[in-house]
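For reference, the structure discussed in these notes is given below.
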Amino acid sequence: MPYFGSEEMVKELKRALSNPNVQADRLRYKNYITKVIRYMTQGLDVSALFMDMVKASATVDIAQKKLVYLYMCTYASDKPDLALLAINTLRKDCADPNPMVRGLALRNMCNFRMPGMTEYIEQPIVAGLRDKASYVRRVAVLGCAKMHSLQPNTDIDGTIVNELYALLRDPDPVVVVNCLRALEEILKDEGGVVINKPIAHHLLNRMKDLDSWAQSEVLTFLLRYRPRSDDELFDILSLLDSFLQSAHAHVAVATLRLFLQLASAHPAVQADALLRTSAPLLATCGAASRELRFAGLCHVQQVMRSQPGLFGTHYKRFFCGYSEPTYIKFRKMEILVELVNDENVALVLEELRSYCTDVSPELAQAAIAAIGRIARTYSEKCLDILTGLLALKQDHITSAVIQTFRDLVWFCPQSTAAVCQTVEACVDSPQDSEGKQALLWLLGEHGDQISSAPYVMEGYIDGLKTELSSAVKMELLTASVKMFLCRPRILRGGNVEESDVCVRDRALLCYRLLQRGVEETRKVVTGPKSDPSMSVLTGRQEEPISQWASTFNTLGPLSGRGLCLQTAVISAADQPSSSAEKELLPDDTEEEISLSLGPPLSHETFEKMWLDLEILHRQTLGFPRPRTAPDTLQAALQLVKIQTLAFTPGDTVPWKAYIYTRSTGTLILAELLQGDQQAPGSDESLVVSVKQQPVNQHAIRGFVSILKSVLQTLNVDSS
């Protein structure tokens with residue numbers, strides 16, 4: 001919305017900018033230009049001054065040129081006819097003797113968002129790529145990517161791409177990194193910039209010349225390269241060794257990810273790299289930025305999946321600060337539970353005990369649950385703390401403790417007697433739904449060890465009409481039947497009209513079971529008991545580092561995902577099992593690809609595209625289709641971002657399934673087929689046919705590899 005009196009302001013500025021007396025006074029003239037920019041940024045429409053501002057660009061004052069260029073870029077799309085004058089002015093400045101002027105003119109000319117701009121900026125960009133000044137070359141390289149974004153559907157100019165690859169050996173490090181960025185943008189439909197052996201070794205040798213963010217970016221590009229021999233591998237690791245302990249956490253973590261990927265066949269080297277990078281990771285966990293601190297904690301958790309004792313001596317670094325947000329405290333408590341040992345258990349439990357009285361009920365309950373997990377190993381110490389918490393008579397604390405007791409007696413049967421004694425002495429009953437369910441489960445499962453169990457359950461039966469939670473009602477029904485099996489007098493109560501179908505079905509099930517007799521009911525309801533002679537398995541089995549290495553230093557650890565499928569990379573060590581696979585694998589090593597679901601396709605759209613496109617790749621996978629339920633197959637493919645459109649029933653011959661996904665800007669369609677007499681090799685084995693738009697062979701190779709791995713895993717599980 002224009003300001004009141006804005007037209008008079010614009011007229012006044014126009015008179016001043018065209019006044020020869022004002023133009024003669026440089027300082028006064030520049031002040032008026034500054035005033036124009038100020039009004040522009042405040043939302044005032046000053047596009048009427050376009051011609052006067054173009055004239056103002058004819059100056060040797062760099063600051064004044066910057067202001068005028070900013071104005072031109074803002075209003076060029078609104079004044080396309082007058083913008084041609086600005087383009088001519090900028091092209092003229094691209095030949096200025098001052099490299100700063102040349103760079104500024106080229107950068108702003110590339111920022112014009114107008115149709116037909118490519119023909120005006122192509123020649124200055126090509127000239128800028130060969131400019132003697134490094135600043136001009138930096139701008140020209142990024143200008144190549146901007147020029148491509150103006151006409152993304154046109155064919156890629158091979159001359160520009162070759163120029164950019166040649167500039168990877170530029171003496172200026174910023175030009176080198178800008179070339180990588182530009183090539184990645186221009187070649188994104190073809191899989192991005194190719195990192196071969198000469199380029200990889202050149203980038204490694206230039207690492208020390210780059211700033212920290214450029215180093216992190218180059219390390220990400222180097223993930224695409226695979227050494228051909230162990231000698232080359234260890235030469236590369238030697239060059240990267242000093243960056244593992246970089247003062248910049250993002251460089252150290254990016255280096256670690258590259259280390260883990262390159263040394264996937266050398267677990268000892270991976271373990272040593274994790275040990276050396278523990279200090280930067282710990283420093284990240286104590287960073288001033290909350291977001292960076294959270295990211296560091298998530299990556300520490302990921303490392304502990306393979307090296308659980310790596311941070312054992314630094315457990316105090318994971319104690320919660322009073323002013324820390326709740327999401328960071330939750331992560332720290334999860335880590336503390338994993339770091340507990342005989343030496344620090346007392347201090348860790350004391351720390352967690354202090355969190356149990358936090359003003360946040362969610363945090364207090366999470367701390368109680370953490371103590372319960374530790375109780376599976378150190379039962380006696382934890383039971384004393386949990387029993388003491390019941391004396392606080394806080395509803396949310398009582399509920400969390402009862403739920404912890406329920407889990408504890410299942411995992412540690414030897415603590416059942418102590419838990420039952422504590423529950424019997426507990427005067428307050430939980431008020432929330434989860435706490436009631438836990439208490440009812442304990443009363444039903446171990447009612448023979450709790451003398452007051454029948455009377456407590458009678459209270460719940462009497463209040464059945466006022467109970468709102470269906471889950472509590474169903475738990476009460478089951479617990480009542482269990483109690484009847486050992487103390488029959490408990491089953492009494494009036495008729496209650498119940499509208500919830502699940503509760504009515506559970507009641508009907510219990511009634512029909514009792515009609516069959518006590519022994520039949522006992523077989524169904526009681527179920528297996530935990531063996532008191534067996535102790536719970538403490539700790540977590542160490543996972544291979546390669547199982548999570550590909551998601552390290554990505555958003556994967558932050559999203560809380562557990563296990564990740566490591567099928568997105570075709571390893572150079574994988575041997576093809578058939579001639580079709582030999583044709584599939586390229587001469588050089590493969591790069592990592594990522595799949596995405598994107599917007600869903602309708603059946604009509606899929607059918608039309610399938611009929612219009614040609615089959616680009618057909619391969620016999622060498623194993624039959626998985627004998628799993630359709631929902632299981634669909635869920636497994638969904639985990640790796642492959643969408644199932646349709647499939648035939650399991651017993652139908654031939655069996656077909658149609659699937660699709662997206663990768664690096666392309667749409668991949670595929671058909672799975674088995675049992676078709678006209679398709680060679682499909683009698684006993686699954687055949688996959690792939691179509692794609694636009695064509696990207698690298699994406700097809702990665703897709704087939706991911707699909708094959710998922711289907712093989714399902715075959716193993718179903719067998």
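Quick note on naming: the chains in the structure tokens go A, B, ... in the order shown, residues restart at 1 in each chain, and ligands are numbered from 1 in order of appearance.
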**Prompt:** Leaving out Ala265 (chain A) and any residue of its chain fewer than 4 positions from it, which residues lie within 10 Å of it when counting only C-alpha atoms, given as a ChimeraX atom specification?
**Reply:** /A:230,260-261,269-270,546,573
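Once Leu707 (chain A) and its same-chain neighbours fewer than 5 positions away are set aside, Thr567, Leu637, Val640, Ile642, Gly702 and Gln712 of chain A remain within 9 Å of it when counting only C-alpha atoms.
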**Close residues, Ser134 (chain A) itself excluded, 8 Å, only C-alpha atoms, min 3 positions apart in chain, as a ChimeraX atom specification** = /A:131,137-138,172,175
**Asked** Which residue, A:Pro654, A:Gly372, A:Pro280, A:Pro124, has the smallest gap to Ser415 (chain A) when you use only C-alpha atoms?
**Response** A:Gly372
**Prompt:** If we count only C-alpha atoms, what is near Leu262 (chain A) at a cut-off of 12 Å, once residues fewer than 2 positions away on the same chain are taken out, given as JSON, numbers by chain?
**Reply:** {"A": [219, 222, 223, 224, 225, 226, 227, 228, 229, 230, 232, 233, 234, 235, 236, 237, 240, 255, 256, 257, 258, 259, 260, 264, 265, 266, 267, 269, 270, 273, 545, 546, 549, 550, 571, 572, 573]}
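Counting only C-alpha atoms and comparing A:Ile593, A:Ile199, A:Ala635, A:Leu386, the residue that lies closest to Thr666 (chain A) is A:Ile593.
Every protein, DNA or RNA residue with an atom at most 7 Å from region 668-671 of chain A, where only C-alpha atoms count and chain neighbours fewer than 5 positions away do not, is listed here: Lys656, Ala657, Tyr658, Ile659, Tyr660, Thr661, Arg662, Val688, Ser689, Val690, Lys691, Gln692 and Gln693 of chain A.
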**Item:** Residues near Asn31 (chain A), cut-off 12 Å, only C-alpha atoms, skip fewer than 4 positions along chain, as a list in words
**Value:** Leu13, Ala16, Leu17, Val22, Gln23, Asp25, Arg26, Leu27, Lys35, Val36, Ile37, Arg38, Ala56, Ala63, Gln64 and Leu67 of chain A
Store the residues of this selection in a file with N, CA and C atoms, as a CSV table (one decimal), in the first residue's frame.
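The result, written out as selection29.csv:
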```csv
chain,number,residue,atom,x,y,z
A,13,LEU,N,12.0,13.8,-5.5
A,13,LEU,CA,13.3,13.1,-5.8
A,13,LEU,C,13.7,13.2,-7.3
A,16,ALA,N,15.2,16.5,-8.0
A,16,ALA,CA,16.6,16.6,-7.4
A,16,ALA,C,17.6,15.8,-8.2
A,17,LEU,N,17.2,14.6,-8.7
A,17,LEU,CA,18.2,13.7,-9.4
A,17,LEU,C,18.5,14.3,-10.8
A,22,VAL,N,22.7,19.6,-8.4
A,22,VAL,CA,22.8,18.4,-7.5
A,22,VAL,C,23.8,17.4,-8.1
A,23,GLN,N,23.7,17.2,-9.3
A,23,GLN,CA,24.6,16.2,-10.0
A,23,GLN,C,26.1,16.6,-9.8
A,25,ASP,N,27.4,18.2,-7.3
A,25,ASP,CA,27.8,18.0,-6.0
A,25,ASP,C,27.7,16.5,-5.7
A,26,ARG,N,28.8,15.8,-5.7
A,26,ARG,CA,28.8,14.3,-5.5
A,26,ARG,C,28.2,13.8,-4.2
A,27,LEU,N,28.5,14.5,-3.2
A,27,LEU,CA,28.0,14.0,-1.9
A,27,LEU,C,26.5,14.2,-1.8
A,35,LYS,N,18.5,8.1,-0.4
A,35,LYS,CA,17.1,8.3,0.1
A,35,LYS,C,16.2,7.5,-0.8
A,36,VAL,N,16.5,7.4,-2.1
A,36,VAL,CA,15.7,6.6,-3.0
A,36,VAL,C,15.7,5.1,-2.6
A,37,ILE,N,16.8,4.6,-2.2
A,37,ILE,CA,17.0,3.2,-1.8
A,37,ILE,C,16.2,3.0,-0.5
A,38,ARG,N,16.3,4.0,0.4
A,38,ARG,CA,15.6,3.9,1.7
A,38,ARG,C,14.1,3.8,1.5
A,56,ALA,N,22.6,7.6,-13.0
A,56,ALA,CA,23.5,7.7,-11.8
A,56,ALA,C,24.5,6.6,-11.7
A,63,ALA,N,30.5,2.6,-4.0
A,63,ALA,CA,29.3,2.5,-3.2
A,63,ALA,C,28.1,3.0,-3.9
A,64,GLN,N,28.2,4.1,-4.7
A,64,GLN,CA,27.1,4.6,-5.5
A,64,GLN,C,26.6,3.6,-6.5
A,67,LEU,N,24.4,0.9,-4.9
A,67,LEU,CA,23.1,1.3,-4.6
A,67,LEU,C,22.3,1.3,-5.9
```
**Prompt:** Counting only C-alpha atoms, what is within 9 Å of region 419-427 of chain A, bar same-chain residues fewer than 3 positions away, as a PyMOL selection string?
**Reply:** chain A and resi 383+387+390-391+393+402+405-406+408-409+415-416+439+442-443+446-447+449-453
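Considering only C-alpha atoms, the residue among A:Ala76, A:Tyr29, A:Phe318, A:Ile186 positioned nearest to Arg293 (chain A) is A:Phe318.
Taking CA of Leu336 (chain A) as the reference point, CA of Ala375 (chain A) is found at 13.3 Å.
Between CA of Ser685 (chain A) and CA of Thr713 (chain A) there is a distance of 15.4 Å.
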**Asked** Running DSSP on the backbone, which parts of region 205-451 of chain A land in alpha helix (DSSP H), as number ranges by chain?
**Response** A: 205, 212-222, 230-240, 249-262, 267-276, 278-285, 290-304, 326-339, 345-355, 361-375, 379-390, 395-411, 416-425, 433-445
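Among the candidates A:Asn21, A:Gln307, A:Gln674, A:Ser594, the residue lying nearest to Val653 (chain A) is A:Gln674 (atoms considered: only C-alpha atoms).
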